[in-house]
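S.K.: Following this message is one structure expressed as structure tokens.
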Number of protein chains: 2
Amino acid sequence: MADEAAELDEALRRQADTVRRLKQEKASPEKVAEQVAKLLELKAQLGTDEGKHKFVLKTPKGTRDYNPKQMAIREKVFNIIISTFKRHGAEVIDTPVFELKETLTGKYGEDSKLIYDLKDQGGELLSLRYDLTVPFARYLAMNKITNIKRYHIAKVYRRDNPAMTRGRYREFYQCDFDIAGQFDPMIPDAECLKIVHEILSGLQIGDFLIKVNDRRILDGMFAVCGVPDSKFRTICSTVDKLDKATWEDVKSEMVGEKGLSPEAADRIGEYVQLHGGLGLIEQLLQDPKLSQNKLAREGLGDMKLLFEYLTLFGIADKISFDLSLARGLDYYTGVIYEAILLQPQNAHKEEPVSVGSVAGGGRYDGLVGMFDPKGRKVPCVGVSIGIERIFSIMEQKVEASEEKIRTTETQVLVAAAQKKLLEEKLKLISELWDSGIKAEMLYKKNPKLLNQLQYCEDTGIPLVAIVGEQELKDGVVKLRAVATREEVDVRRENLIEEIKRRTCQP
Amino acid sequence: MADEAAELDEALRRQADTVRRLKQEKASPEKVAEQVAKLLELKAQLGTDEGKHKFVLKTPKGTRDYNPKQMAIREKVFNIIISTFKRHGAEVIDTPVFELKETLTGKYGEDSKLIYDLKDQGGELLSLRYDLTVPFARYLAMNKITNIKRYHIAKVYRRDNPAMTRGRYREFYQCDFDIAGQFDPMIPDAECLKIVHEILSGLQIGDFLIKVNDRRILDGMFAVCGVPDSKFRTICSTVDKLDKATWEDVKSEMVGEKGLSPEAADRIGEYVQLHGGLGLIEQLLQDPKLSQNKLAREGLGDMKLLFEYLTLFGIADKISFDLSLARGLDYYTGVIYEAILLQPQNAHKEEPVSVGSVAGGGRYDGLVGMFDPKGRKVPCVGVSIGIERIFSIMEQKVEASEEKIRTTETQVLVAAAQKKLLEEKLKLISELWDSGIKAEMLYKKNPKLLNQLQYCEDTGIPLVAIVGEQELKDGVVKLRAVATREEVDVRRENLIEEIKRRTCQP
């Protein structure tokens, strides 16, 4: 509902702009009248009067709030990802949410139009970060760092068409792990793929496949297929659409929009169907055309080495060398990869179906050099985990299982059996907090005992410490286990120890 | 240096704008020539040629990156704050970094000019969040929540004059804890102050004081001093400057800029010097003028109750009822508070000196109602911990102590004693990772053993698992403790258990 209202609101603004423009342009009175009529219709739909603005209560298009339940799932996912990054010895950094506009300029190719710019309010021109890779490269160049293994988890921003049910947002998290430095070939690259494998296994969200390719193999392929040098990047962007579009559509874009000859497109078409493992690499190393190309030979040689390392890591069975994988971004220079989740096979379909990409990355040896005043290069390779889709899947799993998720960690509720015990409750809860116990009380002077017990049932608090007049005289507190309803009197001086014992807290 | 270049860059842009404007306005040729000369001078300073832009490698003004060492400190601070919030049973939520512009409109009074707007790129008009309180109120109204205790830790944005050495940034973290709901008076308010006390004690950053006041007491005071109703908010903003300015300056702003009579200002001046505890509250409840005012009486009554609860919590000695505390923001309706760090007393000064505010908050019972279509109110009280200043202090402490901070958690480095053992290292490290051990290796085919040991010294890795030709034959791995240089042969099948035992991992 809120979204609908916002769309109407947007339509209204656009229509008002149109009318204003037509008047400025001194358009014919008929034309203006026609557009004014449309404007009035929209206003009627919104139920607003002239000059009175209807307030829309929503988050911006393509964004969402996280409620406590969603946050509990998010923290679970983050913990698995962060512990994997730390297991691989990564440090962590953070960068500002916006960068100088020029820092982002010329890094994203056709996707640059999706960057959010800030309004010029005087001072520097700024844009919201589009990914964490370009800020990382800027950080390395600015601090003259030539050697680091770091992770960075933060939100990035893209003015894309949102599809929120499938986990595509305009504000979304990326979890990036990157290795920068001059090293022996394919060792850091293989570790990035190992990390993707560990994370997707750890999350237990079903079967997955990691596609790999190499920009040098793609470029070599384009060369031997007869694509002019100047069209490598733009044809690469078109190949990247193969995961969503058919070959026919992709070919027609290559020939129609990008001006490639149909013959060259057909030659590309033969290559991009190929996928496999070491066998395919060997085959292509023998390919009479491709093996003549220096770039392709280098890429294939490294791909072979990569598969050897992945075999040593025991994960080669989940990796597919796939010539159709291109990746949209401009800055990749070597190995590229993308992980997709597979839906379980069913009777009607031969092969498992992709439900979309959940991780991607590759090697970008030139990006840091673009920022360095002297163009000094720092080779980098990294991976980005796209967790919004993973959240969506986890949320659906939780909904389906009817598993009850606690959104607090409270161990004990401080309750009162009679009225006028607020002061005693405040004294007791203060002691508990000061001893590190997670405790709550209702913010009422005289709540009913039943309401206090119900609160524990609702929120999953396991223990109740009940203050009563008789207990005060006896120097005890009644400790109740919510699950079993068992109650015992515990001497006041032993209460903290007893709560810690029962909740396994050191 | 980078900042200087950026300032020049800004000056250049401004000067170019001036020249353009003068030309448009058809100013006299002399005037234009004068400004063009200035422009050329600036260009010379920047060393740029016409049309050639000098790339500035920096983060935007008022922002900074966090390097791994700073992140380690940040995580330590966050852990103390988050565990306190959780100890008090708070849930957690998150909201987008930007809101519809109109969501922020009319909430911040004079500070609204500091809001970052996004560029209108079609679609909704957006602004970066200025605090976490207004998004929280929007969240409550949008989801019709009348009852929640939540925390939220996220960055907020203010186009303020940065003073980064003192921890004042344009992008900075807030750690907010709020209690929403209709409850008995002062119980949630007292808990917020208890939380501030627990966090500032837990951080061990020196002595502190929490000032409290109440907007109703301020409004009552303004009324009995003869401030017209329409000037309450603006005079309140001026009183808020008392922590940085002298009374003379504040009075001259009241009289000169805000048009208050000098007599009224002097009457305010008498009240705002007062600070104390329960005694002062009793005194003001007897004050012949103030006690006649209904708002002031209500505020003083609640203040008395608050102090009773704070005494039960055992924290009243760190709280000062201070009539000069006003808080800048418009939305407060009741109790307000601000925590300041105190510098240690020295021989020359009578009273400890404030080094600035590190937490603040209060009650805002009307804010949610501003978002609700039917104006339904949800009473709220909360506190925001301003951690940038705390980071600065912690960073200085770490620098001064020369304490070595680890930026990774790696437990073991997988090393090789001879050449050509890369495959063995890859197999071993893969096993370690799969068993949950935090392990690293150098990304070289044949690194020198000395370099591998040095890496452990530099990064604080406690153990080295050394693969060697003889060890491979014997089915063992040499395990070396970096600190003691002791080495023992461990059977390959016992290695994981032995590493876990030594690093106390279950």
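Letters A, B, ... mark the chains of the structure tokens in the order given; residue numbers begin at 1 per chain; ligand numbers begin at 1, in order shown.
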List every residue of region 82-177 of chain A that DSSP, applied to the backbone, labels as alpha helix (DSSP H), and write the result as a PDB file with C-alpha atoms, in the first residue's frame.

M.R.:
ATOM      1  CA  ILE A  82      32.998 -13.289   9.682  1.00  0.00           C
ATOM      2  CA  SER A  83      34.310 -16.414  11.383  1.00  0.00           C
ATOM      3  CA  THR A  84      35.295 -17.775   7.961  1.00  0.00           C
ATOM      4  CA  PHE A  85      37.129 -14.565   7.077  1.00  0.00           C
ATOM      5  CA  LYS A  86      38.904 -14.628  10.448  1.00  0.00           C
ATOM      6  CA  ARG A  87      39.762 -18.309  10.024  1.00  0.00           C
ATOM      7  CA  LYS A 101      32.493  11.461  -7.031  1.00  0.00           C
ATOM      8  CA  GLU A 102      35.652  11.301  -9.115  1.00  0.00           C
ATOM      9  CA  THR A 103      36.893   8.321  -7.093  1.00  0.00           C
ATOM     10  CA  LEU A 104      34.082   6.254  -8.604  1.00  0.00           C
ATOM     11  CA  THR A 133      36.207  -2.866  -4.116  1.00  0.00           C
ATOM     12  CA  VAL A 134      36.828   0.623  -5.467  1.00  0.00           C
ATOM     13  CA  PRO A 135      36.971   2.158  -1.936  1.00  0.00           C
ATOM     14  CA  PHE A 136      39.428  -0.630  -1.019  1.00  0.00           C
ATOM     15  CA  ALA A 137      41.667   0.217  -3.983  1.00  0.00           C
ATOM     16  CA  ARG A 138      41.460   3.922  -3.063  1.00  0.00           C
ATOM     17  CA  TYR A 139      42.413   3.011   0.532  1.00  0.00           C
ATOM     18  CA  LEU A 140      45.442   1.003  -0.620  1.00  0.00           C
ATOM     19  CA  ALA A 141      46.707   3.740  -2.949  1.00  0.00           C
ATOM     20  CA  MET A 142      46.089   6.512  -0.405  1.00  0.00           C
TER      21      MET A 142
END

S.K.: If we count only C-alpha atoms, what is near region 90-96 of chain B at a cut-off of 10 Å, once residues fewer than 2 positions away on the same chain are taken out, given as a ChimeraX atom specification?

M.R.: /A:59-60,62-72,155,170-172,406-410,438,440 /B:82-88,98-99,128-129,132,135-136,138-139,148-154,176-179

S.K.: Using every Cα, in order, as the fitting set, what is the least-squares RMSD of chain A against chain B?

M.R.: 0.1 Å

S.K.: Find the spatial neighbours of Ile235 (chain A), counting only C-alpha atoms, within a cut-off of 12 Å - ignore same-chain residues fewer than 2 positions away - and output them as a ChimeraX atom specification.

M.R.: /A:109-110,218-219,221-223,225-233,237-242,250-261,264-265,268,324,326-328,330

S.K.: Write to file, as a compact mmCIF listing (two decimals), in the first residue's frame, the residues of the selection just made, with N, CA and C atoms.

M.R.:
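The resulting file, selection39.txt, is shown below:
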# COMPACT_ATOMS: atom_id res chain seq x y z
N GLY A 109 32.09 1.02 -15.89
CA GLY A 109 31.56 0.84 -17.24
C GLY A 109 30.11 1.25 -17.33
N GLU A 110 29.30 0.42 -17.97
CA GLU A 110 27.90 0.77 -18.22
C GLU A 110 27.07 0.92 -16.94
N LEU A 218 38.57 -14.76 -22.10
CA LEU A 218 37.50 -14.07 -22.83
C LEU A 218 38.07 -13.16 -23.91
N ASP A 219 39.07 -12.36 -23.53
CA ASP A 219 39.64 -11.43 -24.49
C ASP A 219 40.30 -12.18 -25.65
N MET A 221 39.45 -15.11 -26.68
CA MET A 221 38.33 -15.66 -27.45
C MET A 221 37.73 -14.59 -28.37
N PHE A 222 37.52 -13.37 -27.82
CA PHE A 222 36.98 -12.29 -28.65
C PHE A 222 37.91 -12.03 -29.83
N ALA A 223 39.23 -12.02 -29.55
CA ALA A 223 40.21 -11.73 -30.61
C ALA A 223 40.12 -12.78 -31.71
N CYS A 225 37.72 -14.68 -32.46
CA CYS A 225 36.40 -14.69 -33.10
C CYS A 225 36.21 -13.47 -34.02
N GLY A 226 37.18 -12.57 -34.01
CA GLY A 226 37.10 -11.41 -34.90
C GLY A 226 36.39 -10.21 -34.31
N VAL A 227 36.36 -10.06 -32.98
CA VAL A 227 35.80 -8.85 -32.36
C VAL A 227 36.90 -7.78 -32.36
N PRO A 228 36.60 -6.56 -32.87
CA PRO A 228 37.64 -5.51 -32.82
C PRO A 228 38.01 -5.16 -31.38
N ASP A 229 39.27 -4.85 -31.13
CA ASP A 229 39.77 -4.51 -29.79
C ASP A 229 38.86 -3.55 -29.05
N SER A 230 38.41 -2.52 -29.76
CA SER A 230 37.64 -1.45 -29.13
C SER A 230 36.31 -1.96 -28.59
N LYS A 231 35.86 -3.14 -29.05
CA LYS A 231 34.55 -3.64 -28.62
C LYS A 231 34.64 -4.74 -27.56
N PHE A 232 35.87 -5.06 -27.10
CA PHE A 232 36.02 -6.14 -26.11
C PHE A 232 35.12 -5.93 -24.89
N ARG A 233 35.21 -4.72 -24.28
CA ARG A 233 34.50 -4.48 -23.02
C ARG A 233 32.99 -4.52 -23.21
N SER A 237 30.21 -7.18 -21.68
CA SER A 237 28.98 -6.83 -20.94
C SER A 237 27.79 -7.60 -21.48
N THR A 238 27.75 -7.78 -22.81
CA THR A 238 26.63 -8.48 -23.42
C THR A 238 26.68 -9.98 -23.08
N VAL A 239 27.87 -10.56 -23.16
CA VAL A 239 28.03 -11.98 -22.80
C VAL A 239 27.55 -12.19 -21.36
N ASP A 240 27.82 -11.20 -20.50
CA ASP A 240 27.45 -11.31 -19.08
C ASP A 240 25.96 -11.53 -18.89
N LYS A 241 25.15 -11.16 -19.90
CA LYS A 241 23.69 -11.30 -19.75
C LYS A 241 23.21 -12.73 -20.01
N LEU A 242 24.13 -13.62 -20.40
CA LEU A 242 23.75 -14.98 -20.75
C LEU A 242 23.09 -15.75 -19.60
N VAL A 250 21.02 -12.47 -26.77
CA VAL A 250 22.38 -11.94 -26.59
C VAL A 250 23.01 -11.68 -27.96
N LYS A 251 22.83 -12.61 -28.86
CA LYS A 251 23.38 -12.44 -30.21
C LYS A 251 22.78 -11.20 -30.89
N SER A 252 21.47 -11.06 -30.73
CA SER A 252 20.84 -9.93 -31.42
C SER A 252 21.32 -8.60 -30.84
N GLU A 253 21.64 -8.58 -29.51
CA GLU A 253 22.22 -7.35 -28.94
C GLU A 253 23.62 -7.10 -29.53
N MET A 254 24.41 -8.18 -29.64
CA MET A 254 25.78 -8.04 -30.18
C MET A 254 25.74 -7.47 -31.60
N VAL A 255 24.84 -8.05 -32.41
CA VAL A 255 24.81 -7.67 -33.83
C VAL A 255 24.05 -6.34 -34.01
N GLY A 256 22.86 -6.27 -33.37
CA GLY A 256 22.01 -5.09 -33.57
C GLY A 256 22.56 -3.85 -32.88
N GLU A 257 22.70 -3.93 -31.56
CA GLU A 257 23.10 -2.73 -30.81
C GLU A 257 24.59 -2.45 -30.88
N LYS A 258 25.38 -3.52 -30.81
CA LYS A 258 26.82 -3.30 -30.67
C LYS A 258 27.57 -3.36 -32.01
N GLY A 259 26.84 -3.72 -33.09
CA GLY A 259 27.42 -3.65 -34.42
C GLY A 259 28.46 -4.72 -34.73
N LEU A 260 28.34 -5.89 -34.12
CA LEU A 260 29.26 -6.99 -34.40
C LEU A 260 28.76 -7.76 -35.63
N SER A 261 29.66 -8.35 -36.39
CA SER A 261 29.22 -9.14 -37.55
C SER A 261 28.56 -10.43 -37.05
N ALA A 264 31.07 -13.30 -36.45
CA ALA A 264 31.85 -13.22 -35.21
C ALA A 264 30.98 -13.65 -34.03
N ALA A 265 29.72 -13.19 -34.02
CA ALA A 265 28.81 -13.55 -32.94
C ALA A 265 28.62 -15.07 -32.90
N ILE A 268 31.58 -16.72 -31.33
CA ILE A 268 31.51 -16.55 -29.86
C ILE A 268 30.51 -17.55 -29.29
N SER A 324 30.94 -18.92 -20.55
CA SER A 324 29.90 -17.89 -20.68
C SER A 324 29.96 -16.89 -19.53
N ALA A 326 31.13 -13.83 -17.63
CA ALA A 326 31.86 -12.63 -18.07
C ALA A 326 32.01 -11.59 -16.95
N ARG A 327 31.04 -11.48 -16.03
CA ARG A 327 31.01 -10.46 -14.98
C ARG A 327 30.91 -9.05 -15.59
N GLY A 328 30.01 -8.24 -15.03
CA GLY A 328 29.72 -6.94 -15.63
C GLY A 328 30.81 -5.89 -15.49
N ASP A 330 34.06 -3.47 -15.13
CA ASP A 330 35.19 -3.20 -16.01
C ASP A 330 36.54 -3.60 -15.45

S.K.: Quick one: DSSP strand (DSSP E) residues in region 360-442 of chain B, as an MDAnalysis selection string?

M.R.: chainID B and resid 360:363 380:386 412:416 439:440

S.K.: Keeping only C-alpha atoms, write the selected residues as a PDB file, in the first residue's frame.

M.R.:
ATOM      1  CA  GLY B 360      23.020  12.366  25.474  1.00  0.00           C
ATOM      2  CA  GLY B 361      19.332  11.804  25.210  1.00  0.00           C
ATOM      3  CA  GLY B 362      15.970  12.358  26.746  1.00  0.00           C
ATOM      4  CA  ARG B 363      12.244  11.867  26.483  1.00  0.00           C
ATOM      5  CA  CYS B 380       9.665   7.320  24.096  1.00  0.00           C
ATOM      6  CA  VAL B 381      12.821   7.854  26.060  1.00  0.00           C
ATOM      7  CA  GLY B 382      16.330   7.008  24.945  1.00  0.00           C
ATOM      8  CA  VAL B 383      20.018   7.636  24.992  1.00  0.00           C
ATOM      9  CA  SER B 384      22.659   7.929  22.289  1.00  0.00           C
ATOM     10  CA  ILE B 385      26.299   7.100  22.960  1.00  0.00           C
ATOM     11  CA  GLY B 386      28.628   9.249  20.841  1.00  0.00           C
ATOM     12  CA  VAL B 412      48.889 -21.114  13.366  1.00  0.00           C
ATOM     13  CA  LEU B 413      51.047 -20.409  10.321  1.00  0.00           C
ATOM     14  CA  VAL B 414      51.553 -23.341   7.979  1.00  0.00           C
ATOM     15  CA  ALA B 415      55.204 -23.156   6.940  1.00  0.00           C
ATOM     16  CA  ALA B 416      57.676 -25.217   4.958  1.00  0.00           C
ATOM     17  CA  ALA B 439      45.426 -20.667   9.843  1.00  0.00           C
ATOM     18  CA  GLU B 440      47.512 -18.743   7.332  1.00  0.00           C
TER      19      GLU B 440
END

S.K.: Using Å and a single decimal, report how far CA of Ser430 (chain A) sits from CA of Glu198 (chain B).

M.R.: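 So the answer is 10.5 Å.
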
S.K.: Would you pick out the contacts of Ile499 (chain A) at 10 Å or less, using only C-alpha atoms, so that residues sharing its chain but fewer than 4 positions from it are not included, and give the list as a list in words?

M.R.: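 What passes the distance filter is Gln411, Val412, Leu432, Ile437, Leu463, Val464, Ala465, Leu479, Val490, Asn494, Leu495, Thr503, Cys504 and Gln505 of chain A.
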
S.K.: Selected residues, all heavy atoms, written as an mmCIF file, in the first residue's frame, please.

M.R.:
data_model
loop_
_atom_site.group_PDB
_atom_site.id
_atom_site.type_symbol
_atom_site.label_atom_id
_atom_site.label_comp_id
_atom_site.auth_asym_id
_atom_site.auth_seq_id
_atom_site.Cartn_x
_atom_site.Cartn_y
_atom_site.Cartn_z
ATOM 1 N N GLN A 411 18.067 -13.330 30.631
ATOM 2 C CA GLN A 411 18.119 -14.580 31.393
ATOM 3 C C GLN A 411 17.065 -14.639 32.486
ATOM 4 O O GLN A 411 16.597 -15.704 32.845
ATOM 5 C CB GLN A 411 19.515 -14.723 32.027
ATOM 6 C CG GLN A 411 20.623 -14.788 30.994
ATOM 7 C CD GLN A 411 21.988 -14.533 31.599
ATOM 8 O OE1 GLN A 411 22.185 -13.568 32.325
ATOM 9 N NE2 GLN A 411 22.931 -15.407 31.299
ATOM 10 N N VAL A 412 16.732 -13.460 33.018
ATOM 11 C CA VAL A 412 15.830 -13.477 34.180
ATOM 12 C C VAL A 412 14.943 -12.226 34.185
ATOM 13 O O VAL A 412 15.398 -11.132 33.850
ATOM 14 C CB VAL A 412 16.637 -13.610 35.499
ATOM 15 C CG1 VAL A 412 17.651 -12.498 35.656
ATOM 16 C CG2 VAL A 412 15.733 -13.658 36.719
ATOM 17 N N LEU A 432 21.744 -7.372 39.847
ATOM 18 C CA LEU A 432 21.912 -8.372 38.784
ATOM 19 C C LEU A 432 22.692 -7.780 37.611
ATOM 20 O O LEU A 432 23.651 -8.377 37.120
ATOM 21 C CB LEU A 432 20.549 -8.886 38.312
ATOM 22 C CG LEU A 432 19.700 -9.637 39.343
ATOM 23 C CD1 LEU A 432 18.386 -10.095 38.722
ATOM 24 C CD2 LEU A 432 20.448 -10.834 39.919
ATOM 25 N N ILE A 437 24.462 -10.061 34.802
ATOM 26 C CA ILE A 437 23.319 -10.893 34.431
ATOM 27 C C ILE A 437 22.352 -10.088 33.569
ATOM 28 O O ILE A 437 22.111 -8.909 33.825
ATOM 29 C CB ILE A 437 22.633 -11.444 35.700
ATOM 30 C CG1 ILE A 437 23.535 -12.519 36.294
ATOM 31 C CG2 ILE A 437 21.235 -11.989 35.399
ATOM 32 C CD1 ILE A 437 23.114 -13.010 37.639
ATOM 33 N N LEU A 463 13.987 -17.632 33.271
ATOM 34 C CA LEU A 463 13.891 -17.583 34.733
ATOM 35 C C LEU A 463 13.137 -16.341 35.209
ATOM 36 O O LEU A 463 13.186 -15.297 34.567
ATOM 37 C CB LEU A 463 15.295 -17.552 35.358
ATOM 38 C CG LEU A 463 16.185 -18.786 35.163
ATOM 39 C CD1 LEU A 463 17.591 -18.500 35.678
ATOM 40 C CD2 LEU A 463 15.594 -20.002 35.873
ATOM 41 N N VAL A 464 12.456 -16.478 36.356
ATOM 42 C CA VAL A 464 11.818 -15.330 37.001
ATOM 43 C C VAL A 464 12.328 -15.254 38.438
ATOM 44 O O VAL A 464 12.303 -16.261 39.156
ATOM 45 C CB VAL A 464 10.284 -15.465 37.044
ATOM 46 C CG1 VAL A 464 9.637 -14.121 37.362
ATOM 47 C CG2 VAL A 464 9.741 -16.012 35.741
ATOM 48 N N ALA A 465 12.793 -14.092 38.847
ATOM 49 C CA ALA A 465 13.175 -13.870 40.248
ATOM 50 C C ALA A 465 12.049 -13.068 40.885
ATOM 51 O O ALA A 465 11.837 -11.904 40.539
ATOM 52 C CB ALA A 465 14.488 -13.112 40.330
ATOM 53 N N LEU A 479 12.903 -18.238 42.959
ATOM 54 C CA LEU A 479 13.392 -18.377 41.585
ATOM 55 C C LEU A 479 12.538 -19.408 40.864
ATOM 56 O O LEU A 479 12.434 -20.562 41.293
ATOM 57 C CB LEU A 479 14.865 -18.796 41.602
ATOM 58 C CG LEU A 479 15.601 -18.679 40.271
ATOM 59 C CD1 LEU A 479 15.642 -17.246 39.770
ATOM 60 C CD2 LEU A 479 17.038 -19.213 40.399
ATOM 61 N N VAL A 490 15.642 -19.085 47.041
ATOM 62 C CA VAL A 490 17.106 -19.000 47.027
ATOM 63 C C VAL A 490 17.483 -17.852 47.941
ATOM 64 O O VAL A 490 16.885 -16.776 47.877
ATOM 65 C CB VAL A 490 17.631 -18.734 45.601
ATOM 66 C CG1 VAL A 490 19.145 -18.636 45.592
ATOM 67 C CG2 VAL A 490 17.155 -19.804 44.639
ATOM 68 N N ASN A 494 22.852 -15.814 47.578
ATOM 69 C CA ASN A 494 23.261 -16.869 46.640
ATOM 70 C C ASN A 494 22.598 -16.733 45.272
ATOM 71 O O ASN A 494 22.836 -17.543 44.382
ATOM 72 C CB ASN A 494 22.904 -18.256 47.208
ATOM 73 C CG ASN A 494 23.595 -18.505 48.529
ATOM 74 O OD1 ASN A 494 24.656 -17.947 48.795
ATOM 75 N ND2 ASN A 494 22.985 -19.340 49.371
ATOM 76 N N LEU A 495 21.745 -15.732 45.120
ATOM 77 C CA LEU A 495 20.904 -15.656 43.927
ATOM 78 C C LEU A 495 21.717 -15.534 42.628
ATOM 79 O O LEU A 495 21.475 -16.243 41.648
ATOM 80 C CB LEU A 495 19.930 -14.468 44.042
ATOM 81 C CG LEU A 495 18.973 -14.316 42.858
ATOM 82 C CD1 LEU A 495 18.012 -15.492 42.784
ATOM 83 C CD2 LEU A 495 18.185 -13.006 42.958
ATOM 84 N N THR A 503 22.069 -20.698 33.970
ATOM 85 C CA THR A 503 22.145 -20.226 32.587
ATOM 86 C C THR A 503 23.545 -20.452 31.998
ATOM 87 O O THR A 503 23.877 -19.899 30.956
ATOM 88 C CB THR A 503 21.788 -18.734 32.495
ATOM 89 O OG1 THR A 503 22.606 -18.012 33.430
ATOM 90 C CG2 THR A 503 20.338 -18.483 32.837
ATOM 91 N N CYS A 504 24.325 -21.291 32.716
ATOM 92 C CA CYS A 504 25.643 -21.697 32.193
ATOM 93 C C CYS A 504 26.540 -20.519 31.869
ATOM 94 O O CYS A 504 27.210 -20.491 30.832
ATOM 95 C CB CYS A 504 25.501 -22.547 30.945
ATOM 96 S SG CYS A 504 24.640 -24.059 31.248
ATOM 97 N N GLN A 505 26.492 -19.497 32.723
ATOM 98 C CA GLN A 505 27.341 -18.333 32.486
ATOM 99 C C GLN A 505 28.505 -18.387 33.462
ATOM 100 O O GLN A 505 28.288 -18.645 34.646
ATOM 101 C CB GLN A 505 26.503 -17.074 32.715
ATOM 102 C CG GLN A 505 27.208 -15.796 32.333
ATOM 103 C CD GLN A 505 26.366 -14.585 32.677
ATOM 104 O OE1 GLN A 505 25.147 -14.671 32.746
ATOM 105 N NE2 GLN A 505 27.017 -13.458 32.899
#

S.K.: Got a sec: who's within 10 Å of Gly276 (chain A), counting only C-alpha atoms, leaving out chain neighbours fewer than 6 positions off, as a ChimeraX atom specification?

M.R.: /A:211-212,319-323

S.K.: Keeping only all heavy atoms, take the residues you just selected and write them out as a compact mmCIF listing (two decimals), in the first residue's frame.

M.R.:
# COMPACT_ATOMS: atom_id res chain seq x y z
N LYS A 211 31.07 -20.99 -10.73
CA LYS A 211 31.57 -20.87 -12.10
C LYS A 211 32.83 -20.04 -12.11
O LYS A 211 32.90 -19.00 -11.44
CB LYS A 211 30.53 -20.18 -12.99
CG LYS A 211 29.22 -20.90 -13.12
CD LYS A 211 28.30 -20.07 -14.03
CE LYS A 211 26.91 -20.67 -14.10
NZ LYS A 211 26.00 -19.83 -14.89
N VAL A 212 33.84 -20.47 -12.87
CA VAL A 212 35.05 -19.65 -13.01
C VAL A 212 35.37 -19.45 -14.49
O VAL A 212 35.01 -20.27 -15.34
CB VAL A 212 36.30 -20.28 -12.31
CG1 VAL A 212 36.11 -20.38 -10.82
CG2 VAL A 212 36.62 -21.63 -12.90
N ILE A 319 33.28 -26.74 -8.69
CA ILE A 319 33.76 -25.64 -9.53
C ILE A 319 33.56 -26.01 -11.00
O ILE A 319 33.88 -27.13 -11.41
CB ILE A 319 35.27 -25.37 -9.29
CG1 ILE A 319 35.62 -25.41 -7.81
CG2 ILE A 319 35.68 -24.06 -9.97
CD1 ILE A 319 35.32 -24.20 -7.00
N SER A 320 33.03 -25.07 -11.77
CA SER A 320 32.83 -25.30 -13.19
C SER A 320 33.52 -24.20 -14.00
O SER A 320 33.20 -23.03 -13.84
CB SER A 320 31.33 -25.33 -13.51
OG SER A 320 31.12 -25.26 -14.91
N PHE A 321 34.47 -24.59 -14.84
CA PHE A 321 35.09 -23.65 -15.78
C PHE A 321 34.06 -23.39 -16.86
O PHE A 321 33.66 -24.29 -17.58
CB PHE A 321 36.37 -24.28 -16.32
CG PHE A 321 36.99 -23.52 -17.46
CD1 PHE A 321 37.07 -22.13 -17.46
CD2 PHE A 321 37.54 -24.20 -18.55
CE1 PHE A 321 37.65 -21.44 -18.51
CE2 PHE A 321 38.13 -23.51 -19.60
CZ PHE A 321 38.18 -22.14 -19.59
N ASP A 322 33.59 -22.13 -16.95
CA ASP A 322 32.42 -21.82 -17.78
C ASP A 322 32.73 -20.61 -18.66
O ASP A 322 32.90 -19.49 -18.16
CB ASP A 322 31.23 -21.54 -16.85
CG ASP A 322 29.92 -21.42 -17.61
OD1 ASP A 322 29.93 -20.88 -18.74
OD2 ASP A 322 28.89 -21.86 -17.08
N LEU A 323 32.80 -20.84 -19.96
CA LEU A 323 33.21 -19.77 -20.88
C LEU A 323 32.15 -18.69 -21.06
O LEU A 323 32.42 -17.65 -21.66
CB LEU A 323 33.61 -20.36 -22.24
CG LEU A 323 35.00 -20.99 -22.22
CD1 LEU A 323 35.21 -21.90 -23.42
CD2 LEU A 323 36.08 -19.92 -22.20

S.K.: Please measure the separation of CA of Gln470 (chain A) and CA of Arg491 (chain A), giving the value in Å to one decimal.

M.R.: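 Between CA of Gln470 (chain A) and CA of Arg491 (chain A) the gap is 12.7 Å.
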
S.K.: Can you list, as JSON, numbers by chain, every protein, DNA or RNA residue that comes within 8 Å of region 389-400 of chain B when you count only C-alpha atoms, leaving out same-chain residues fewer than 3 positions away?

M.R.: {"B": [70, 73, 74, 77, 165, 166, 167, 168, 205, 358, 386, 403]}
